[in-house]
Amino acid sequence: MIEIDVQVDLFHPADRVWHALTDRALLARWFTEVEPMAGSRGRLLLFTAGLPGFDAAVDAEVTDRREPELIALRCLEGGRRSRLACAVAPTAEGCRLSVREVLEHGSWSEEQREHREESYQQALTGRLPAILDWLAFRQVDLRRGEAGMTAEMPVAEVVGDEPAPAGRRRPLLVAGLAGVALVAGAAVWAVLPAEPDPVAGPVATPSPTAAATPSRTPRATPSARPTRSATPTPSRPSRTPSASPSTTPSRTPTSNAPSAPAMTARYETVSTRLLGYTGEVVVDNPGSTVVNGWAVVVTLAEGGTLTDVSGADWRRDGQVVTFTGPPVPAGRSRTFTFAVRDVDQLTRAPEDCSLGDDPCAGL
């Protein structure tokens, strides 16, 4: 038996997720267009022919419906028959949506099965959370004040209801939000080598002082002849030592070995949603030895809630989150990601990020 099983944890209540699952206009936004089949209650046509892993539209019949917990369909597509179930289970932070499709008749190639699973995965983890965020934002915006409060959009459910009359339908307007470009200004830290000590030139070593040779006193030889005075032989000039002997200055030994390069960190916002974003931090060790301890400190914007961390341990004190992780080998790096929700729609990055005293590049 071939099956596809995809799960996603959503930070929204089960009734909001159920709304996105059963409202035709919303379903078309995050998965595919759906139309009730004329003359048949509970039968739908899903226009999936253009999606990866689907080669035809799906003729679906609702076999089980328990709001807001479960909706099950019997599907017929291109000669294949399968059962598709969408289950919603509450969690501490919202709910978990599980989508499971089991092939009962016919076959998928391995490539087609992988593409089909990828279609579900992309829809559940990318487009559906964006629609849910929009719904949450819309509910807050519509309920800002009691006076003049705008009514909610009427919901035409996928199952159990005929399409509403044309005069009662309202178009679903999705506001296009301008993406905020993050200018990644990389902070370049130039480490200047210490100025080299001046090299002393050769110092002339004074010659040792020549010992004074006592002149011989000629003996007076008693002689009748007059004594001939000896002509003094001019002595070789000797170097006169300086009064204070020069002392060769002793050089203070200085280490010319380069200091170990400091670790660095760089930040990037890798994905965004209407009410949140996912950040990534890469910790680099450019040195030649392993670094056993590091800590990256991130300050979240006011009201931001940390929801998911991968690749690091963390602790939180108010809006300040400290991330730590395993050793970083020489010349290697460590990467961790974290998800944040409940932030302003223009907030797409933390307020601050640093590794030690150095700020993270890119923020």
# chains A, B, ... in the order shown; residues from 1 in each chain; ligands from 1
$ select_by_dssp --residues "range 60-92 of chain A" --states "strand (DSSP E)" --output "list in words"
Ala60, Glu61, Val62, Thr63, Asp64, Arg65, Arg66, Leu70, Ile71, Ala72, Leu73, Arg74, Cys75, Leu76, Glu77, Arg80, Arg81, Ser82, Arg83, Leu84, Ala85, Cys86, Ala87, Val88, Ala89, Pro90 and Thr91 of chain A
$ closest_atom_pairs --of "range 69-88 of chain A" --to "range 18-26 of chain A" --cutoff "9 Å" --atoms "only C-alpha atoms" --output "tab-separated table"
residue	atom	partner	partner_atom	distance
A:Glu69	CA	A:Trp18	CA	7.8
A:Leu70	CA	A:Trp18	CA	8.8
A:Ile71	CA	A:Leu21	CA	8.9
A:Cys86	CA	A:Leu21	CA	8.6
A:Val88	CA	A:Trp18	CA	7.7
$ residues_around --residues "Glu302 in chain A" --least-positions-apart "6" --cutoff "9 Å" --atoms "only C-alpha atoms" --output "list of chain:residue names"
A:Gln319, A:Val343, A:Asp344, A:Glu351
$ write_last_selection --atoms "N, CA, C and O atoms" --output "compact mmCIF listing (two decimals), in the first residue's frame"
# COMPACT_ATOMS: atom_id res chain seq x y z
N GLN A 319 12.94 39.62 26.07
CA GLN A 319 13.09 39.61 24.61
C GLN A 319 14.49 39.19 24.18
O GLN A 319 14.77 39.14 22.98
N VAL A 343 4.76 39.35 15.55
CA VAL A 343 5.48 40.61 15.39
C VAL A 343 4.75 41.49 14.39
O VAL A 343 3.89 41.04 13.63
N ASP A 344 5.11 42.75 14.38
CA ASP A 344 4.52 43.70 13.45
C ASP A 344 4.78 43.25 12.01
O ASP A 344 5.80 42.63 11.71
N GLU A 351 15.92 42.84 16.60
CA GLU A 351 16.44 44.18 16.84
C GLU A 351 17.96 44.17 16.95
O GLU A 351 18.62 45.14 16.59
$ atom_distance --atom1 "CA of Gln122 in chain A" --atom2 "CA of Thr305 in chain A"
23.6 Å
$ closest_residue --among "A:Arg65, A:Arg41, A:Arg334, A:His105" --to "Arg83 in chain A" --atoms "only C-alpha atoms"
A:His105
